[in-house]
Structures are given as C-alpha cells and as structure tokens.
Amino acid sequence: MSPNPVVTRFAPSPTGFLHVGGVRTALFAWLYARKHHGTFILRIEDTDKEREVAGSIEHIQESLTWLGLTWDQGPIKQSERLDTYRAWAQKLIDKGLAYPDPYTESEVEQFRQEAEAQKKPFLYRDHRPATTGAWDGTKPLRFKVPEIKRYTWQDIVRGELTAGEEALDDFILIKSDGYPTYNFAHIVDDIEMGVTHVMRGEEFIASTPKFLALYEALGETPPHFATMPVILGPDGHKKLSKRDGAKDILDYRKEGYLPEAMVNFLALLGWHPEGEQEVFSVDELIKAFEIERVQKGGAKFDEAKLLWLNHEHIKRLSDEQFAKLFETVIGKQGLISPTELRIFSQIHSVLKERTRTLLEPLELIKAGEFDFMGDTISYDKELLLQGAKAEAGDVAIYLARVAEILEHLDEPFTAESVKEAIFPYATEVGRAGVLWPMRIALSGKEKSPDPFTLAGLLGRDKTLAR
RNA sequence: GGCUCUAUCGUCUAAUGGUUAGGACGGCGCCCUCUCACGGCGCAAAUCGGGGUUCGAAUCCCCGUAGAGUCACCA
C-alpha cells in the first residue's frame, strides 16, 4: 500500500446532462479510486451562473447512480466555497503574484482581436500594466506568472508532455462577479481535497503550464495527471459533443441498455486489459483496471458493439432478474399495457435469449409476434401445409397422433417433456411433416419459436385445443 | 497563424526491436434446424507516406501528410 491514499474526483459543471464523454472520464476516475481503495469525490463546478441549467445537479447524480458510480464525498458545490477561493487569492496577492486587471472588458477584447489579426496567440501578459492599485473586488484578479518558461511534465497516459511559453499567461483567478474561474477554483479544490490523481480530457493539456505555474506560486505539489483520449462521434472525426447530438447518458436507460453493459462498453473505449476477455462485470473491471493501459488516440463510439455487449449482459441475467428489470425500466415509462405485460411475463424466458435491449421485447410484443399467447388464434390452412413437405391427409393423421401422445403425457408438461415425447415420432415419419404444422397450429405464425417451446408456454389444455 | 497532441483491419483494440501482425464488433459464407432467432465453425479485412538507426522496426529518431485540441471575466 502506498502511504498516500488515492483520491480522485469527477468535476462536471451543471450545464445540462452528462454524455458518454463525461461519463467515461468519471468512470476511469471511479475505477481507479475503487481499485486502490481510495476516495472518489463528486464536485460541482458551478462558477458560471450564466450557463447553469436548473436541475442538472440532480440529473448528473441520477446518471452516476444509475451506472453505479457511487461517490464518497459530495456533491461539493464550488459556489458555496467563495470565501475559500478568496483566501487563497489573498495568499497570492500577499506574495505579489496577483493583481487587479485595470482594463475594461472591451479593451481586453481589443487586444485579443489585434493578436488574432496578426495571426499571433493572444497573450494578456504582453499588456501587463506596470503598476496597479489594490484589488477592491470590482475588477478581475489576475495571476502574475512569475517566470515565463517552457514546461515539461509527466502524464500517466501520455508520458512526457511539453508546452511552449505561449501556453503561459496572466489568467484570471477571480472574475469581477466574485466567482473564481475554473482555472483557479479547481486547483484550490484539488489541493484542499487532497486529490492525488486527476483524470481529465485532452483539452486541458494546453492549459497545464498555467496550472503548474500556479502550483509553484502556491508552494504546492501538483497531483498526477492522466489525460483521457477523446471520444469521437459515430460519423465524422469530430469530438463527441452535445452540439453534435451526443445523447444524454440516461437516454440509454430509456432505450433498454443495462448499466453494466454501458460501463463495460465505456471502459473498453480507450482502455484494454491484458488478455482477450471482452465481457466484464463491474467487479472484474475494478480488478483489471490499470490506468497505464489507457489509449492515447481517440476512439469512435460504435453503437453496434454496445448493442452486442448489452445482449451479452442480458443473457447473463437470471430469468427473474430479466423480468424484473424489464418491468421497472419499461413499465416505468408507461409504454406497456397490462395485457402486454402479462404476455411478457409468460414468455420472458424465451425472449431473454433473443433480445439485445430491454426495448426489443416490447417491440416484438407490440408487433404481434406473441399473439399466440392469447385465447384464440387464426391462420391460413395453406400455411399449415406450406412448409410441411407432406400431403394434407398425412398431416391430419400426424397432428391427431401428436394430440394423442400429448394427452397421455405424464406431468410435468414442459418443453423438454413434450420434445422427448414427440421427437422420436416426428423423426420416424418426417420432421417437417409433423413439426411445421404443429408449430403453425400452435402459433398461427410462420416465424415463431419451436413447437416444443410453444407447447411448454401454452400448457396442455391450450395445446390440445389447438 | 502560434503552441500542442494523436495515427494498426470499416470500428474497438493486442503485440513494450524478432509473431504467418492476435482478438472482438460489424460484414460475408457454411453448419445446426420445421420457421425466425440463439448458437457453432470459417472467410475477407490493417501497421498513413518517405527517409534514417539496427543483423532485424508496427515498435526508436527525423521529415512530411492527415485528424484533433488550445490560444475567454466557459468549464
């Protein structure tokens, strides 16, 4: 055991729902914490009042809870810690490493546009004022970068990373509205909360020198950084984003995906354990997870593989678990009628094998695939003979014989016992001649489960009636 | 434009200087079979290009190319 316990965090801003990109970062931070018996913190970065969307904090928590990504501390809201940021800012002021920005917003905007026109990166420090007065809180407070230099640092995933001097600038610590910026607040928090490992998206590589300069100025040791690869949309090469139609992670619950399947899929998107196992339980993932094996390059989100994994996880469910899950997920959405639910409860063991999402059984039932569970069925006499490869007269004899056998069949009357009783006879006179008509007689449908399964589902009385 | 990151089958990836470049999804084919699924077996499919270093390079170095990120009183 290392002397310092592992502390990781997931720190979303409450600007709406969580999509797979955010969830994957959360998942890796969570897996790492669980793997090392550490602490996982949920922190809400709500320092931009303009962009905040009401209800997102609850929505984010519901998303994480659905996936089983439980947090040990939080949610901690940055908006409730303004005094803390102010106190840390004061430390910098006392050291002469922070100063009020004397310019107006439009003046700074002007600087920026000039830089852009000259095709140069915008650097506020080129306009750093020679002297400033004391900070009264009405102006933004800026960090005074003590030394302009190149930075090189270690990233657990990427290895050695570097950045040019252009990446370093006098960024804003506290905005004129009194709220800290992300750049400042997240560092103060990571220090105060003892965060040891920071998992984050690659958009933060470019601003890392600013963070490192700030850690130095505060006399603090930076945490370990682990940069996650991007998740790209299914089409194109763009980073997955809400703008490009990335879905709310909770939509996948509605669509009948299991949280275990989603976690399994997301874990394998940008990470791969040793060995060739693909289907993992959450516990297995925790055991196998190694952050060093996270991928550097971006990965496309492939819904077909998610579908396959979901099927694999559904197959691993017991019949009872499957039935219960279907009823909670689909029933909760009010998509199913009592009659349909009754049909489902009678046939769910058959459905489990062939369904990839919890929504598919509903679609099949609604499409009438299982109407044969009702009291009456109707079908074409021609259909009865179509696949039978036998004369009508023979088929009548076969079916009569089948009825006779089943009438005298000992309990239990199940798919297995029916098969045992009928199969030898069917093989003797020609399977197609017996089994096809039997299946049609029982289901009324060209496409349906095999006749033994049908008989087992329907029971002796209904089977004989048909 | 500056700075920076990335690059193996269509997709997710394995191979930490020596393999016929492996697996999975998807695709295709065959088998199972009374149909549809499920399942089983098999096939096609990749080291971005060019230079080095080395006996030997997907792997290390350089130059291209392509894609991505970033340069906010957003996070």
# chains A, B, ... in the order shown; residues from 1 in each chain; ligands from 1
>>> interface_residues(of="chain A", to="chain B", cutoff="8 Å", atoms="only C-alpha atoms (C1' of nucleotides)", output="PyMOL selection string")
chain A and resi 13+45+48+105+118-122+140+162-167+172+175-177+182+202-203+205-207+237-239+268-269+272+276+278+296-300+302+304-305+308+353-354+387-388+431-437+439+446-450
>>> select_by_dssp(residues="region 172-237 of chain A", states="strand (DSSP E)", output="PyMOL selection string")
chain A and resi 172-174+197-201+224-228+231-232
>>> write_last_selection(atoms="N, CA and C atoms", output="PDB file, in the first residue's frame")
ATOM      1  N   ILE A 172      -7.129  34.894 -15.387  1.00  0.00           N
ATOM      2  CA  ILE A 172      -7.980  35.449 -14.338  1.00  0.00           C
ATOM      3  C   ILE A 172      -8.221  34.415 -13.239  1.00  0.00           C
ATOM      4  N   LEU A 173      -8.035  34.858 -12.005  1.00  0.00           N
ATOM      5  CA  LEU A 173      -8.273  33.994 -10.846  1.00  0.00           C
ATOM      6  C   LEU A 173      -9.703  34.157 -10.348  1.00  0.00           C
ATOM      7  N   ILE A 174     -10.058  35.427 -10.121  1.00  0.00           N
ATOM      8  CA  ILE A 174     -11.401  35.750  -9.631  1.00  0.00           C
ATOM      9  C   ILE A 174     -12.036  36.717 -10.624  1.00  0.00           C
ATOM     10  N   HIS A 197      -4.862  12.083  -8.006  1.00  0.00           N
ATOM     11  CA  HIS A 197      -4.827  11.748  -9.430  1.00  0.00           C
ATOM     12  C   HIS A 197      -5.952  12.480 -10.156  1.00  0.00           C
ATOM     13  N   VAL A 198      -5.564  13.234 -11.173  1.00  0.00           N
ATOM     14  CA  VAL A 198      -6.554  13.999 -11.925  1.00  0.00           C
ATOM     15  C   VAL A 198      -6.753  13.360 -13.295  1.00  0.00           C
ATOM     16  N   MET A 199      -7.954  12.782 -13.508  1.00  0.00           N
ATOM     17  CA  MET A 199      -8.302  12.259 -14.831  1.00  0.00           C
ATOM     18  C   MET A 199      -9.084  13.338 -15.547  1.00  0.00           C
ATOM     19  N   ARG A 200      -8.688  13.605 -16.786  1.00  0.00           N
ATOM     20  CA  ARG A 200      -9.314  14.725 -17.481  1.00  0.00           C
ATOM     21  C   ARG A 200      -9.192  14.541 -18.979  1.00  0.00           C
ATOM     22  N   GLY A 201      -9.937  15.354 -19.707  1.00  0.00           N
ATOM     23  CA  GLY A 201      -9.914  15.290 -21.161  1.00  0.00           C
ATOM     24  C   GLY A 201      -8.689  15.988 -21.716  1.00  0.00           C
ATOM     25  N   HIS A 224      -0.931  13.863  -9.808  1.00  0.00           N
ATOM     26  CA  HIS A 224      -0.601  13.136 -11.026  1.00  0.00           C
ATOM     27  C   HIS A 224      -1.691  13.403 -12.062  1.00  0.00           C
ATOM     28  N   PHE A 225      -1.272  13.636 -13.283  1.00  0.00           N
ATOM     29  CA  PHE A 225      -2.241  13.862 -14.348  1.00  0.00           C
ATOM     30  C   PHE A 225      -2.379  12.615 -15.211  1.00  0.00           C
ATOM     31  N   ALA A 226      -3.598  12.325 -15.589  1.00  0.00           N
ATOM     32  CA  ALA A 226      -3.848  11.232 -16.530  1.00  0.00           C
ATOM     33  C   ALA A 226      -4.831  11.756 -17.570  1.00  0.00           C
ATOM     34  N   THR A 227      -4.339  11.946 -18.788  1.00  0.00           N
ATOM     35  CA  THR A 227      -5.161  12.527 -19.833  1.00  0.00           C
ATOM     36  C   THR A 227      -5.880  11.446 -20.630  1.00  0.00           C
ATOM     37  N   MET A 228      -7.190  11.561 -20.664  1.00  0.00           N
ATOM     38  CA  MET A 228      -8.020  10.580 -21.351  1.00  0.00           C
ATOM     39  C   MET A 228      -8.102  10.897 -22.843  1.00  0.00           C
ATOM     40  N   ILE A 231     -13.504  10.904 -27.150  1.00  0.00           N
ATOM     41  CA  ILE A 231     -14.475  10.019 -27.784  1.00  0.00           C
ATOM     42  C   ILE A 231     -15.058  10.780 -28.971  1.00  0.00           C
ATOM     43  N   LEU A 232     -14.974  10.160 -30.134  1.00  0.00           N
ATOM     44  CA  LEU A 232     -15.449  10.797 -31.348  1.00  0.00           C
ATOM     45  C   LEU A 232     -16.848  10.311 -31.679  1.00  0.00           C
TER      46      LEU A 232
END
>>> select_by_dssp(residues="region 182-214 of chain A", states="helix (DSSP H, G or I)", output="VMD selection string")
chain A and resid 182 to 192 202 to 204 208 to 214
>>> write_last_selection(atoms="N, CA and C atoms", output="PDB file, in the first residue's frame")
ATOM      1  N   TYR A 182     -12.576  28.597 -13.485  1.00  0.00           N
ATOM      2  CA  TYR A 182     -12.258  27.174 -13.412  1.00  0.00           C
ATOM      3  C   TYR A 182     -10.774  26.977 -13.108  1.00  0.00           C
ATOM      4  N   ASN A 183      -9.954  27.729 -13.850  1.00  0.00           N
ATOM      5  CA  ASN A 183      -8.506  27.575 -13.741  1.00  0.00           C
ATOM      6  C   ASN A 183      -8.010  27.701 -12.299  1.00  0.00           C
ATOM      7  N   PHE A 184      -8.627  28.571 -11.562  1.00  0.00           N
ATOM      8  CA  PHE A 184      -8.206  28.801 -10.183  1.00  0.00           C
ATOM      9  C   PHE A 184      -8.930  27.868  -9.210  1.00  0.00           C
ATOM     10  N   ALA A 185     -10.227  27.807  -9.338  1.00  0.00           N
ATOM     11  CA  ALA A 185     -11.031  27.067  -8.363  1.00  0.00           C
ATOM     12  C   ALA A 185     -10.676  25.579  -8.321  1.00  0.00           C
ATOM     13  N   HIS A 186     -10.469  24.988  -9.488  1.00  0.00           N
ATOM     14  CA  HIS A 186     -10.259  23.538  -9.480  1.00  0.00           C
ATOM     15  C   HIS A 186      -8.918  23.209  -8.833  1.00  0.00           C
ATOM     16  N   ILE A 187      -7.960  24.136  -8.935  1.00  0.00           N
ATOM     17  CA  ILE A 187      -6.655  23.874  -8.324  1.00  0.00           C
ATOM     18  C   ILE A 187      -6.717  24.027  -6.808  1.00  0.00           C
ATOM     19  N   VAL A 188      -7.398  25.078  -6.378  1.00  0.00           N
ATOM     20  CA  VAL A 188      -7.595  25.257  -4.938  1.00  0.00           C
ATOM     21  C   VAL A 188      -8.291  24.028  -4.357  1.00  0.00           C
ATOM     22  N   ASP A 189      -9.337  23.586  -5.038  1.00  0.00           N
ATOM     23  CA  ASP A 189     -10.103  22.442  -4.543  1.00  0.00           C
ATOM     24  C   ASP A 189      -9.273  21.159  -4.527  1.00  0.00           C
ATOM     25  N   ASP A 190      -8.560  20.932  -5.611  1.00  0.00           N
ATOM     26  CA  ASP A 190      -7.753  19.714  -5.664  1.00  0.00           C
ATOM     27  C   ASP A 190      -6.718  19.697  -4.537  1.00  0.00           C
ATOM     28  N   ILE A 191      -6.172  20.873  -4.222  1.00  0.00           N
ATOM     29  CA  ILE A 191      -5.219  20.960  -3.111  1.00  0.00           C
ATOM     30  C   ILE A 191      -5.929  20.677  -1.788  1.00  0.00           C
ATOM     31  N   GLU A 192      -7.020  21.392  -1.562  1.00  0.00           N
ATOM     32  CA  GLU A 192      -7.715  21.267  -0.271  1.00  0.00           C
ATOM     33  C   GLU A 192      -8.318  19.882  -0.058  1.00  0.00           C
ATOM     34  N   GLU A 202      -8.374  15.723 -22.986  1.00  0.00           N
ATOM     35  CA  GLU A 202      -7.141  16.262 -23.531  1.00  0.00           C
ATOM     36  C   GLU A 202      -7.219  17.753 -23.832  1.00  0.00           C
ATOM     37  N   GLU A 203      -8.400  18.333 -23.691  1.00  0.00           N
ATOM     38  CA  GLU A 203      -8.498  19.781 -23.906  1.00  0.00           C
ATOM     39  C   GLU A 203      -7.723  20.562 -22.843  1.00  0.00           C
ATOM     40  N   PHE A 204      -7.314  19.849 -21.769  1.00  0.00           N
ATOM     41  CA  PHE A 204      -6.614  20.559 -20.695  1.00  0.00           C
ATOM     42  C   PHE A 204      -5.093  20.490 -20.811  1.00  0.00           C
ATOM     43  N   THR A 208      -2.174  23.204 -19.024  1.00  0.00           N
ATOM     44  CA  THR A 208      -1.445  22.639 -17.886  1.00  0.00           C
ATOM     45  C   THR A 208      -0.297  23.524 -17.383  1.00  0.00           C
ATOM     46  N   PRO A 209       0.479  24.168 -18.269  1.00  0.00           N
ATOM     47  CA  PRO A 209       1.536  25.046 -17.755  1.00  0.00           C
ATOM     48  C   PRO A 209       1.004  26.134 -16.817  1.00  0.00           C
ATOM     49  N   LYS A 210      -0.186  26.645 -17.118  1.00  0.00           N
ATOM     50  CA  LYS A 210      -0.783  27.640 -16.221  1.00  0.00           C
ATOM     51  C   LYS A 210      -1.017  27.033 -14.838  1.00  0.00           C
ATOM     52  N   PHE A 211      -1.513  25.789 -14.848  1.00  0.00           N
ATOM     53  CA  PHE A 211      -1.784  25.133 -13.572  1.00  0.00           C
ATOM     54  C   PHE A 211      -0.486  24.898 -12.809  1.00  0.00           C
ATOM     55  N   LEU A 212       0.518  24.447 -13.535  1.00  0.00           N
ATOM     56  CA  LEU A 212       1.795  24.142 -12.885  1.00  0.00           C
ATOM     57  C   LEU A 212       2.421  25.404 -12.295  1.00  0.00           C
ATOM     58  N   ALA A 213       2.313  26.516 -13.045  1.00  0.00           N
ATOM     59  CA  ALA A 213       2.848  27.785 -12.548  1.00  0.00           C
ATOM     60  C   ALA A 213       2.129  28.192 -11.263  1.00  0.00           C
ATOM     61  N   LEU A 214       0.828  27.934 -11.235  1.00  0.00           N
ATOM     62  CA  LEU A 214       0.046  28.292 -10.059  1.00  0.00           C
ATOM     63  C   LEU A 214       0.414  27.414  -8.862  1.00  0.00           C
TER      64      LEU A 214
END
>>> residues_around(residues="A21 (chain B)", least_positions_apart="5", cutoff="12 Å", atoms="only C-alpha atoms (C1' of nucleotides)", output="list in words")
U8, C9, A14, A15, A46, U47, A58 and U59 of chain B
>>> write_last_selection(atoms="C-alpha atoms (C1' of nucleotides)", output="PDB file, in the first residue's frame")
ATOM      1  C1'   U B   8      -2.518  -0.892 -36.531  1.00  0.00           C
ATOM      2  C1'   C B   9      -8.391  -4.353 -40.298  1.00  0.00           C
ATOM      3  C1'   A B  14      -3.406  -6.749 -28.907  1.00  0.00           C
ATOM      4  C1'   A B  15       1.626  -7.209 -29.971  1.00  0.00           C
ATOM      5  C1'   A B  46      -4.821  -3.132 -41.050  1.00  0.00           C
ATOM      6  C1'   U B  47       0.745  -1.195 -39.275  1.00  0.00           C
ATOM      7  C1'   A B  58       4.046  -1.550 -36.210  1.00  0.00           C
ATOM      8  C1'   U B  59       7.512  -0.596 -32.185  1.00  0.00           C
TER       9        U B  59
END
>>> residues_around(residues="Leu307 (chain A)", least_positions_apart="4", cutoff="7 Å", atoms="only C-alpha atoms (C1' of nucleotides)", output="PyMOL selection string")
chain A and resi 303+311+356
>>> write_last_selection(atoms="N, CA and C atoms", output="PDB file, in the first residue's frame")
ATOM      1  N   GLU A 303     -22.068   2.065 -31.818  1.00  0.00           N
ATOM      2  CA  GLU A 303     -23.298   1.596 -31.193  1.00  0.00           C
ATOM      3  C   GLU A 303     -23.539   0.093 -31.398  1.00  0.00           C
ATOM      4  N   HIS A 311     -26.527  -7.333 -25.163  1.00  0.00           N
ATOM      5  CA  HIS A 311     -27.089  -8.666 -25.310  1.00  0.00           C
ATOM      6  C   HIS A 311     -26.348  -9.667 -24.421  1.00  0.00           C
ATOM      7  N   ARG A 356     -31.695  -7.803 -27.548  1.00  0.00           N
ATOM      8  CA  ARG A 356     -30.450  -7.065 -27.337  1.00  0.00           C
ATOM      9  C   ARG A 356     -30.638  -5.862 -26.416  1.00  0.00           C
TER      10      ARG A 356
END
>>> residues_around(residues="Arg9 (chain A)", least_positions_apart="5", cutoff="8 Å", atoms="only C-alpha atoms (C1' of nucleotides)", output="PyMOL selection string")
chain A and resi 26+29-30+40-43+195+198-199
>>> residues_around(residues="region 328-344 of chain A", least_positions_apart="6", cutoff="7 Å", atoms="only C-alpha atoms (C1' of nucleotides)", output="PyMOL selection string")
chain A and resi 254+365+373
>>> atom_distance(atom1="CA of Thr25 (chain A)", atom2="CA of Trp66 (chain A)")
15.9 Å
>>> closest_residue(among="A:Gly270, A:Pro14, A:Gly68, A:Gly137", to="Gly55 (chain A)", atoms="only C-alpha atoms")
A:Pro14
>>> closest_residue(among="A:Tyr103, A:Tyr398, A:Tyr425, A:Phe372", to="Ala455 (chain A)", atoms="only C-alpha atoms")
A:Phe372
>>> residues_around(residues="Glu320 (chain A)", least_positions_apart="4", cutoff="10 Å", atoms="only C-alpha atoms (C1' of nucleotides)", output="ChimeraX atom specification")
/A:324-326,345,348-349
>>> write_last_selection(atoms="N, CA and C atoms", output="short mmCIF file (atom, residue, chain, number, x, y, z; two decimals), in the first residue's frame")
data_model
loop_
_atom_site.label_atom_id
_atom_site.label_comp_id
_atom_site.auth_asym_id
_atom_site.auth_seq_id
_atom_site.Cartn_x
_atom_site.Cartn_y
_atom_site.Cartn_z
N LYS A 324 -37.77 -8.68 -13.93
CA LYS A 324 -37.92 -7.56 -13.01
C LYS A 324 -37.37 -6.26 -13.63
N LEU A 325 -36.23 -6.39 -14.28
CA LEU A 325 -35.61 -5.24 -14.90
C LEU A 325 -36.50 -4.67 -16.01
N PHE A 326 -37.05 -5.57 -16.80
CA PHE A 326 -37.92 -5.14 -17.89
C PHE A 326 -39.11 -4.36 -17.32
N SER A 345 -44.70 -11.61 -19.18
CA SER A 345 -44.34 -12.40 -18.00
C SER A 345 -44.43 -13.89 -18.30
N HIS A 348 -41.06 -14.46 -21.02
CA HIS A 348 -39.80 -13.72 -20.92
C HIS A 348 -38.57 -14.62 -21.01
N SER A 349 -38.70 -15.88 -20.61
CA SER A 349 -37.51 -16.73 -20.67
C SER A 349 -37.10 -16.99 -22.12
#
